[in-house]
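Novice: Encoded as structure tokens, here's the structure I'll be asking about.
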Amino acid sequence: MSTQPAERATTSTRRAIAAATIGNALEWFDLAVYALMASYIGRTFFPEGDPGVQLVQAYAVFGVTYLIRPLGGLVIGAYADRHGRKKALMLTIWLMVAGTFLLAVLPGYDTLGIFAPLAVIVARLLQGFAAGGEFGAATSFLVEQNERRKGFLGSFQFASQGLSTLMAAGFAAALTALLSDQAMTAWGWRVPFVFGLLIGPVGYYIRRYVDESPAMREEGSGPAPSPIRSVFRHHWGGLLIAGGALVVSTALNFILQYLPTFGVEELGLDDSLSFVALLITGVILTVGTPVVGLLADRFGRLVIMVPAAVLIGVSVVPLFIWVTAVPSFLTLTAAMTILGLLKAAYFGALPSVMSDAFPVRARATGLSFSYNTAVGIFGGFTPTIATALIAGTGSQVAPGYYLLAVSFVSIAALAAGYRTRGIR
């Protein structure tokens with residue numbers, strides 16, 4: 001009989017991981033698919049002309065919609081802090097499904113004219129608003145299941161993002177291999193979004209029947225004082241630490257998503273082979289991240305994260321030089337594998353580190369705002385910055401210097417967390 005409470009706790013934890021992971025993976029799958037299908041989306045929804053201009057326009061929409069994510073983070077994060085993680089998670093998944101539906105069925109520019117790109121912006125705003133609140137609610141929900149295993153549990157936040165990258169890259173690789181360029185432009189790029197629509201209700205069902213996090217139950221059911229006011233009045237340091245620690249991870253994430261397009265557009269590699277390279281990276285991130293979370297709970301989080309951040313900073317420029325000097329599927333895959341391993345090492349424990357910067361009743365709000373502000377500035381526009389750097393400097397290595405610079409920001413944030421918050 002004594003084993004029954006432990007068994008119930010284990011079952012509850014597994015359900016919590018499933019609830020957070022499937023919904024989070026769906027939301028990030030849609031975001032990743034948009035980035036990977038940007039060239040086809042550009043042709044469909046923007047005026048005919050220079051294909052390079054269409055690609056920049058599609059990426060600009062990808063970046064602009066990240067501007068609404070801090071607002072979504074504040075609104076949905078505060079809702080999660082006042083009324084519970086579970087209710088917030090059910091809300092975010094339906095908002096994402098609504099945005100996905102629009103992208104799946106919208107006619108193109110030839111049919112709607114100027115309303116086509118405007119409708120795409122609306123769809124991306126819905127997705128951005130939902131994703132803005134998802135991170136804080138889902139991360140809080142995970143780390144609050146068990147204080148002693150918060151590194152491992154929190155790692156599933158980013159492991160699910162790796163899973164979404166894996167699924168998105170799988171669709172991109174398969175579709176570009178099986179379909180002609182004309183078919184991809186006409187309808188093929190919509191297939192992943194239809195898939196997202198099919199799994200959305202499943203994610204909602206799982207979240208509907210999961211228990212609230214133990215930490216929120218201990219806090220009581222009464223509404224808390226304004227989480228937004230609390231975060232901006234008392235937790236500015238936490239915002240800077242959490243957001244700064246995220247910078248190198250989010251910039252690297254979008255560099256990894258950008259590299260297949262870089263391989264196609266700048267190096268002349270085959271579309272499907274470039275996406276296979278991202279597929280391999282997705283496997284590394286999905287499998288490796290929980291392993292790092294386990295190690296972080298045992299040996300300490302900063303012991304792993306600081307060396308990983310340093311290696312990211314010093315390795316990315318040589319890797320870009322190598323890929324551009326020897327453009328091939330093997331070099332692109334090797335470079336992305338190395339960066340994927342370093343990213344898994346860095347961000348496996350990152351969600352729990354960010355969570356420790358805030359108290360329970362302001363955690364979802366603080367996490368959401370810091371995360372989405374950092375992603376909006378250093379992540380959402382990274383593909384656009386990378387493309388513009390190459391165009392402006394004439395150097396295909398230019399994106400590597402950007403990643404080198406932001407690695408120093410995250411190292412400084414981790415040092416501040418160690419000094420002021422006692423984060424280990």
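Going through the structure tokens in order, the chains are called A, B, and so on, while each chain numbers its residues from 1 and the ligands are numbered from 1 in the order shown.
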Skip Leu126 of chain A itself and residues of its chain fewer than 3 positions away, then list as JSON, numbers by chain all residues within 9 Å of it, counting only C-alpha atoms.

Specialist: {"A": [65, 68, 95, 96, 97, 98, 99, 100, 121, 122, 123, 129, 130, 131]}

Novice: Would you save the residues from that selection as a tab-separated table (two decimals), in the first residue's frame, using N, CA, C and O atoms?

Specialist:
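Output file again_20.tsv follows:
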chain	number	residue	atom	x	y	z
A	65	THR	N	5.32	39.42	-36.34
A	65	THR	CA	4.33	38.84	-35.44
A	65	THR	C	4.92	38.48	-34.08
A	65	THR	O	4.17	38.27	-33.12
A	68	ILE	N	3.99	40.79	-31.02
A	68	ILE	CA	2.80	40.65	-30.18
A	68	ILE	C	3.02	39.62	-29.07
A	68	ILE	O	2.22	39.54	-28.13
A	95	LEU	N	-6.23	29.01	-29.44
A	95	LEU	CA	-5.79	30.18	-30.20
A	95	LEU	C	-4.83	29.78	-31.32
A	95	LEU	O	-4.91	30.29	-32.44
A	96	MET	N	-3.92	28.86	-31.00
A	96	MET	CA	-2.98	28.41	-32.02
A	96	MET	C	-3.71	27.67	-33.15
A	96	MET	O	-3.38	27.84	-34.33
A	97	VAL	N	-4.68	26.86	-32.81
A	97	VAL	CA	-5.45	26.13	-33.83
A	97	VAL	C	-6.16	27.11	-34.76
A	97	VAL	O	-6.24	26.90	-35.98
A	98	ALA	N	-6.68	28.21	-34.21
A	98	ALA	CA	-7.35	29.21	-35.04
A	98	ALA	C	-6.39	29.82	-36.06
A	98	ALA	O	-6.73	29.98	-37.25
A	99	GLY	N	-5.18	30.17	-35.63
A	99	GLY	CA	-4.19	30.71	-36.55
A	99	GLY	C	-3.76	29.70	-37.59
A	99	GLY	O	-3.58	30.02	-38.78
A	100	THR	N	-3.61	28.46	-37.18
A	100	THR	CA	-3.22	27.39	-38.10
A	100	THR	C	-4.29	27.17	-39.16
A	100	THR	O	-3.99	26.94	-40.34
A	121	ILE	N	-0.89	37.97	-41.84
A	121	ILE	CA	-0.47	38.69	-40.63
A	121	ILE	C	-1.42	38.41	-39.48
A	121	ILE	O	-1.00	38.17	-38.34
A	122	VAL	N	-2.73	38.39	-39.75
A	122	VAL	CA	-3.72	38.08	-38.71
A	122	VAL	C	-3.49	36.68	-38.15
A	122	VAL	O	-3.50	36.47	-36.93
A	123	ALA	N	-3.27	35.72	-39.06
A	123	ALA	CA	-3.04	34.34	-38.61
A	123	ALA	C	-1.79	34.25	-37.75
A	123	ALA	O	-1.78	33.59	-36.70
A	129	PHE	N	0.38	35.44	-30.35
A	129	PHE	CA	-0.26	35.74	-29.07
A	129	PHE	C	-0.36	34.47	-28.22
A	129	PHE	O	-0.07	34.48	-27.02
A	130	ALA	N	-0.76	33.36	-28.86
A	130	ALA	CA	-0.88	32.09	-28.14
A	130	ALA	C	0.48	31.59	-27.67
A	130	ALA	O	0.64	31.18	-26.51
A	131	ALA	N	1.46	31.62	-28.55
A	131	ALA	CA	2.80	31.16	-28.18
A	131	ALA	C	3.40	32.03	-27.09
A	131	ALA	O	4.18	31.57	-26.26

Novice: Can you pull out every residue from segment 77-288 of chain A that DSSP, working from the backbone, puts in alpha helix (DSSP H), and format the result as a short mmCIF file (atom, residue, chain, number, x, y, z; two decimals) with C-alpha atoms, in the first residue's frame?

Specialist:
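Written out: result-v7.cif:
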data_model
loop_
_atom_site.label_atom_id
_atom_site.label_comp_id
_atom_site.auth_asym_id
_atom_site.auth_seq_id
_atom_site.Cartn_x
_atom_site.Cartn_y
_atom_site.Cartn_z
CA GLY A 77 0.80 34.70 -18.17
CA ALA A 78 -1.16 36.84 -15.74
CA TYR A 79 -4.21 34.65 -16.36
CA ALA A 80 -2.11 31.57 -15.51
CA ASP A 81 -0.79 33.18 -12.32
CA ARG A 82 -4.24 34.22 -11.16
CA HIS A 83 -6.44 31.34 -12.32
CA ARG A 85 -1.73 26.91 -15.39
CA LYS A 86 -4.29 24.41 -16.66
CA LYS A 87 -6.85 26.99 -17.79
CA ALA A 88 -4.18 29.02 -19.53
CA LEU A 89 -2.87 25.97 -21.39
CA MET A 90 -6.34 25.11 -22.68
CA LEU A 91 -6.74 28.67 -23.97
CA THR A 92 -3.41 28.82 -25.80
CA ILE A 93 -3.95 25.64 -27.77
CA TRP A 94 -7.28 26.82 -29.24
CA LEU A 95 -5.79 30.18 -30.20
CA MET A 96 -2.98 28.41 -32.02
CA VAL A 97 -5.45 26.13 -33.83
CA ALA A 98 -7.35 29.21 -35.04
CA GLY A 99 -4.19 30.71 -36.55
CA THR A 100 -3.22 27.39 -38.10
CA PHE A 101 -6.66 27.06 -39.69
CA LEU A 102 -6.28 30.40 -41.44
CA LEU A 103 -2.88 29.47 -42.89
CA ALA A 104 -4.20 26.11 -44.05
CA VAL A 105 -7.18 27.47 -46.02
CA TYR A 109 -2.47 36.86 -53.59
CA ASP A 110 -3.91 36.00 -57.02
CA THR A 111 -7.35 35.60 -55.40
CA LEU A 112 -7.39 38.03 -52.47
CA PHE A 115 -5.92 41.08 -48.35
CA ALA A 116 -3.83 37.91 -48.69
CA PRO A 117 -0.73 39.20 -46.88
CA LEU A 118 -2.98 41.00 -44.38
CA ALA A 119 -4.78 37.75 -43.59
CA VAL A 120 -1.43 36.00 -43.13
CA ILE A 121 -0.47 38.69 -40.63
CA VAL A 122 -3.72 38.08 -38.71
CA ALA A 123 -3.04 34.34 -38.61
CA ARG A 124 0.51 34.89 -37.40
CA LEU A 125 -0.69 37.38 -34.79
CA LEU A 126 -3.05 34.76 -33.36
CA GLN A 127 -0.23 32.21 -33.29
CA GLY A 128 2.19 34.69 -31.79
CA PHE A 129 -0.26 35.74 -29.07
CA ALA A 130 -0.88 32.09 -28.14
CA ALA A 131 2.80 31.16 -28.18
CA GLY A 132 3.48 34.22 -26.04
CA GLY A 133 1.48 32.79 -23.17
CA GLU A 134 2.37 29.14 -23.79
CA PHE A 135 5.96 29.29 -22.60
CA GLY A 136 5.28 30.76 -19.17
CA ALA A 137 2.24 28.61 -18.42
CA ALA A 138 3.76 25.35 -19.70
CA THR A 139 7.18 25.88 -18.10
CA SER A 140 5.66 26.82 -14.74
CA PHE A 141 3.37 23.80 -14.97
CA LEU A 142 6.32 21.48 -15.59
CA VAL A 143 8.85 22.73 -13.02
CA LYS A 150 12.82 20.65 -11.98
CA GLY A 151 15.80 20.52 -14.33
CA PHE A 152 14.57 17.29 -15.90
CA LEU A 153 10.89 18.26 -15.93
CA GLY A 154 11.56 21.75 -17.26
CA SER A 155 13.71 20.29 -20.04
CA PHE A 156 10.57 18.90 -21.68
CA GLN A 157 9.60 22.49 -22.53
CA PHE A 158 12.50 22.65 -24.96
CA ALA A 159 12.49 18.94 -25.82
CA SER A 160 8.98 19.49 -27.18
CA GLN A 161 10.37 22.32 -29.27
CA GLY A 162 12.98 19.90 -30.57
CA LEU A 163 10.19 17.45 -31.35
CA SER A 164 8.35 20.17 -33.26
CA THR A 165 11.51 20.94 -35.24
CA LEU A 166 11.85 17.24 -35.96
CA MET A 167 8.28 16.95 -37.22
CA ALA A 168 8.49 20.17 -39.24
CA ALA A 169 11.79 19.16 -40.83
CA GLY A 170 10.37 15.71 -41.58
CA PHE A 171 7.42 17.21 -43.41
CA ALA A 172 9.67 19.65 -45.28
CA ALA A 173 12.15 16.94 -46.32
CA ALA A 174 9.43 14.52 -47.44
CA LEU A 175 7.33 17.07 -49.29
CA THR A 176 10.22 18.69 -51.16
CA ALA A 177 11.51 15.23 -52.12
CA LEU A 178 8.14 13.91 -53.33
CA ASP A 181 8.41 22.95 -57.00
CA GLN A 182 5.13 23.88 -58.69
CA ALA A 183 3.13 21.47 -56.52
CA MET A 184 4.84 22.73 -53.38
CA THR A 185 3.92 26.30 -54.27
CA ALA A 186 0.36 25.39 -55.26
CA VAL A 191 -0.03 19.94 -45.75
CA PRO A 192 1.83 20.42 -42.42
CA PHE A 193 -0.68 23.03 -41.31
CA VAL A 194 -3.55 20.63 -42.00
CA PHE A 195 -1.71 18.07 -39.88
CA GLY A 196 -1.54 20.64 -37.07
CA LEU A 197 -5.29 21.06 -37.25
CA LEU A 198 -5.79 17.33 -36.79
CA ILE A 199 -3.73 17.03 -33.61
CA GLY A 200 -4.96 20.25 -31.98
CA PRO A 201 -8.09 18.69 -30.42
CA VAL A 202 -5.99 15.83 -29.04
CA GLY A 203 -3.78 18.30 -27.21
CA TYR A 204 -6.80 20.10 -25.83
CA TYR A 205 -8.34 16.85 -24.57
CA ILE A 206 -5.17 15.89 -22.69
CA ARG A 207 -4.89 19.32 -21.09
CA ARG A 208 -8.57 19.30 -20.17
CA PRO A 214 1.09 21.18 -6.99
CA ALA A 215 2.65 24.60 -6.40
CA MET A 216 -0.47 26.40 -7.60
CA ARG A 217 -2.69 24.16 -5.48
CA GLU A 218 -0.59 25.03 -2.43
CA GLU A 219 -0.93 28.72 -3.20
CA PRO A 227 1.06 39.55 -11.47
CA ILE A 228 1.91 42.17 -14.09
CA ARG A 229 2.28 44.90 -11.48
CA SER A 230 4.32 42.57 -9.29
CA VAL A 231 6.71 41.64 -12.10
CA PHE A 232 7.41 45.19 -13.20
CA ARG A 233 7.58 46.61 -9.70
CA HIS A 234 9.58 43.94 -7.88
CA TRP A 236 13.11 43.59 -12.93
CA GLY A 237 16.26 41.69 -12.05
CA GLY A 238 14.51 38.41 -12.73
CA LEU A 239 13.35 39.66 -16.13
CA LEU A 240 16.90 40.60 -17.13
CA ILE A 241 18.39 37.34 -15.87
CA ALA A 242 15.77 35.10 -17.47
CA GLY A 243 15.67 36.99 -20.77
CA GLY A 244 19.43 37.39 -20.98
CA ALA A 245 20.05 33.70 -20.31
CA LEU A 246 17.74 32.85 -23.19
CA VAL A 247 19.35 35.10 -25.80
CA VAL A 248 22.01 32.75 -27.21
CA SER A 249 19.63 29.78 -27.19
CA THR A 250 16.86 31.50 -29.13
CA ALA A 251 19.26 33.07 -31.63
CA LEU A 252 20.87 29.68 -32.23
CA ASN A 253 17.45 28.06 -32.62
CA PHE A 254 16.51 30.34 -35.48
CA ILE A 255 19.98 30.06 -37.02
CA LEU A 256 19.42 26.28 -37.12
CA GLN A 257 16.03 26.81 -38.76
CA TYR A 258 17.58 29.31 -41.19
CA LEU A 259 20.51 27.10 -42.22
CA PRO A 260 18.49 24.83 -44.59
CA THR A 261 17.28 27.90 -46.48
CA PHE A 262 20.87 29.22 -46.37
CA GLY A 263 22.04 25.94 -47.88
CA VAL A 264 19.49 26.17 -50.69
CA GLU A 265 19.60 29.88 -51.48
CA ASP A 271 16.10 21.37 -50.96
CA SER A 272 15.28 17.96 -49.50
CA LEU A 273 18.86 17.22 -48.39
CA SER A 274 19.08 20.56 -46.59
CA PHE A 275 15.91 19.78 -44.66
CA VAL A 276 17.26 16.32 -43.77
CA ALA A 277 20.13 18.07 -42.00
CA LEU A 278 17.60 19.90 -39.83
CA LEU A 279 15.80 16.60 -39.25
CA ILE A 280 18.97 15.17 -37.71
CA THR A 281 19.32 18.25 -35.51
CA GLY A 282 15.73 17.82 -34.35
CA VAL A 283 16.49 14.28 -33.19
CA ILE A 284 19.45 15.54 -31.18
CA LEU A 285 17.42 18.28 -29.50
CA THR A 286 14.48 16.02 -28.73
CA VAL A 287 16.51 13.19 -27.22
CA GLY A 288 19.45 15.08 -25.77
#

Novice: Set the distance at 7 Å and use only C-alpha atoms: which residues neighbour segment 386-397 of chain A once local chain neighbours fewer than 2 positions away are removed? I'd like the list as a CSV table (one decimal) with C-alpha atoms, in the first residue's frame.

Specialist:
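Okay, this is what ended up in out.csv:
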chain,number,residue,atom,x,y,z
A,317,VAL,CA,32.1,31.4,-37.0
A,320,PHE,CA,30.1,29.0,-41.0
A,321,ILE,CA,33.5,29.4,-42.7
A,324,THR,CA,30.7,28.1,-47.1
A,382,THR,CA,17.3,36.4,-36.7
A,383,PRO,CA,16.5,35.0,-40.1
A,384,THR,CA,15.9,38.5,-41.4
A,399,PRO,CA,25.4,35.4,-39.4
A,400,GLY,CA,28.1,33.6,-37.4

Novice: Between A:Ser328, A:Thr420, A:Asn24, A:Thr289, which one has atoms that come closest to Gly268 of chain A, using only C-alpha atoms?

Specialist: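 For Gly268 of chain A, the nearest of the given residues is A:Ser328.
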
Novice: Atom CA of Arg148 of chain A and atom CA of Asp297 of chain A, how far apart in Å?

Specialist: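 Atom CA of Arg148 of chain A lies at a distance of 7.3 Å from atom CA of Asp297 of chain A.
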
Novice: So, counting only C-alpha atoms, which residue among A:Leu31, A:Leu404, A:Ala344, A:Ala357 is closest to Leu319 of chain A?

Specialist: A:Leu404

Novice: For Val292 of chain A, list every protein, DNA or RNA residue within 7 Å, evaluated using only C-alpha atoms, and leave out those in the same chain fewer than 2 positions away; present the list as a PyMOL selection string.

Specialist: chain A and resi 288-290+294-296+345+348-349

Novice: Restrict the selected residues to all heavy atoms and save them as a PDB file, in the first residue's frame.

Specialist:
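What ended up in again-v8.pdb:
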ATOM      1  N   GLY A 288      18.370  14.632 -26.642  1.00  0.00           N
ATOM      2  CA  GLY A 288      19.447  15.083 -25.772  1.00  0.00           C
ATOM      3  C   GLY A 288      19.023  16.010 -24.658  1.00  0.00           C
ATOM      4  O   GLY A 288      19.634  16.009 -23.576  1.00  0.00           O
ATOM      5  N   THR A 289      17.982  16.798 -24.879  1.00  0.00           N
ATOM      6  CA  THR A 289      17.591  17.798 -23.888  1.00  0.00           C
ATOM      7  C   THR A 289      17.176  17.193 -22.548  1.00  0.00           C
ATOM      8  O   THR A 289      17.642  17.648 -21.493  1.00  0.00           O
ATOM      9  CB  THR A 289      16.468  18.683 -24.454  1.00  0.00           C
ATOM     10  OG1 THR A 289      16.927  19.299 -25.656  1.00  0.00           O
ATOM     11  CG2 THR A 289      16.074  19.765 -23.474  1.00  0.00           C
ATOM     12  N   PRO A 290      16.305  16.180 -22.496  1.00  0.00           N
ATOM     13  CA  PRO A 290      15.981  15.578 -21.188  1.00  0.00           C
ATOM     14  C   PRO A 290      17.188  14.948 -20.506  1.00  0.00           C
ATOM     15  O   PRO A 290      17.268  14.941 -19.268  1.00  0.00           O
ATOM     16  CB  PRO A 290      14.924  14.520 -21.544  1.00  0.00           C
ATOM     17  CG  PRO A 290      14.353  14.956 -22.840  1.00  0.00           C
ATOM     18  CD  PRO A 290      15.482  15.590 -23.573  1.00  0.00           C
ATOM     19  N   LEU A 294      18.414  15.787 -16.698  1.00  0.00           N
ATOM     20  CA  LEU A 294      18.755  14.828 -15.641  1.00  0.00           C
ATOM     21  C   LEU A 294      20.129  15.119 -15.052  1.00  0.00           C
ATOM     22  O   LEU A 294      20.317  15.111 -13.822  1.00  0.00           O
ATOM     23  CB  LEU A 294      18.729  13.406 -16.209  1.00  0.00           C
ATOM     24  CG  LEU A 294      17.371  12.725 -16.360  1.00  0.00           C
ATOM     25  CD1 LEU A 294      17.527  11.417 -17.126  1.00  0.00           C
ATOM     26  CD2 LEU A 294      16.746  12.464 -14.987  1.00  0.00           C
ATOM     27  N   LEU A 295      21.101  15.368 -15.900  1.00  0.00           N
ATOM     28  CA  LEU A 295      22.455  15.661 -15.433  1.00  0.00           C
ATOM     29  C   LEU A 295      22.494  16.958 -14.628  1.00  0.00           C
ATOM     30  O   LEU A 295      23.235  17.064 -13.639  1.00  0.00           O
ATOM     31  CB  LEU A 295      23.408  15.748 -16.627  1.00  0.00           C
ATOM     32  CG  LEU A 295      23.621  14.449 -17.420  1.00  0.00           C
ATOM     33  CD1 LEU A 295      24.474  14.721 -18.661  1.00  0.00           C
ATOM     34  CD2 LEU A 295      24.278  13.389 -16.539  1.00  0.00           C
ATOM     35  N   ALA A 296      21.690  17.938 -15.049  1.00  0.00           N
ATOM     36  CA  ALA A 296      21.674  19.218 -14.337  1.00  0.00           C
ATOM     37  C   ALA A 296      21.128  19.059 -12.921  1.00  0.00           C
ATOM     38  O   ALA A 296      21.616  19.704 -11.985  1.00  0.00           O
ATOM     39  CB  ALA A 296      20.834  20.231 -15.119  1.00  0.00           C
ATOM     40  N   ALA A 345      22.927  20.978 -24.855  1.00  0.00           N
ATOM     41  CA  ALA A 345      23.676  21.103 -23.606  1.00  0.00           C
ATOM     42  C   ALA A 345      23.331  22.400 -22.887  1.00  0.00           C
ATOM     43  O   ALA A 345      23.257  22.443 -21.649  1.00  0.00           O
ATOM     44  CB  ALA A 345      25.181  21.042 -23.885  1.00  0.00           C
ATOM     45  N   GLY A 348      19.009  22.518 -22.028  1.00  0.00           N
ATOM     46  CA  GLY A 348      18.350  21.459 -21.281  1.00  0.00           C
ATOM     47  C   GLY A 348      17.886  21.907 -19.907  1.00  0.00           C
ATOM     48  O   GLY A 348      16.785  21.566 -19.459  1.00  0.00           O
ATOM     49  N   ALA A 349      18.723  22.671 -19.219  1.00  0.00           N
ATOM     50  CA  ALA A 349      18.386  23.153 -17.877  1.00  0.00           C
ATOM     51  C   ALA A 349      17.882  24.589 -17.869  1.00  0.00           C
ATOM     52  O   ALA A 349      17.527  25.112 -16.801  1.00  0.00           O
ATOM     53  CB  ALA A 349      19.617  23.048 -16.969  1.00  0.00           C
TER      54      ALA A 349
END
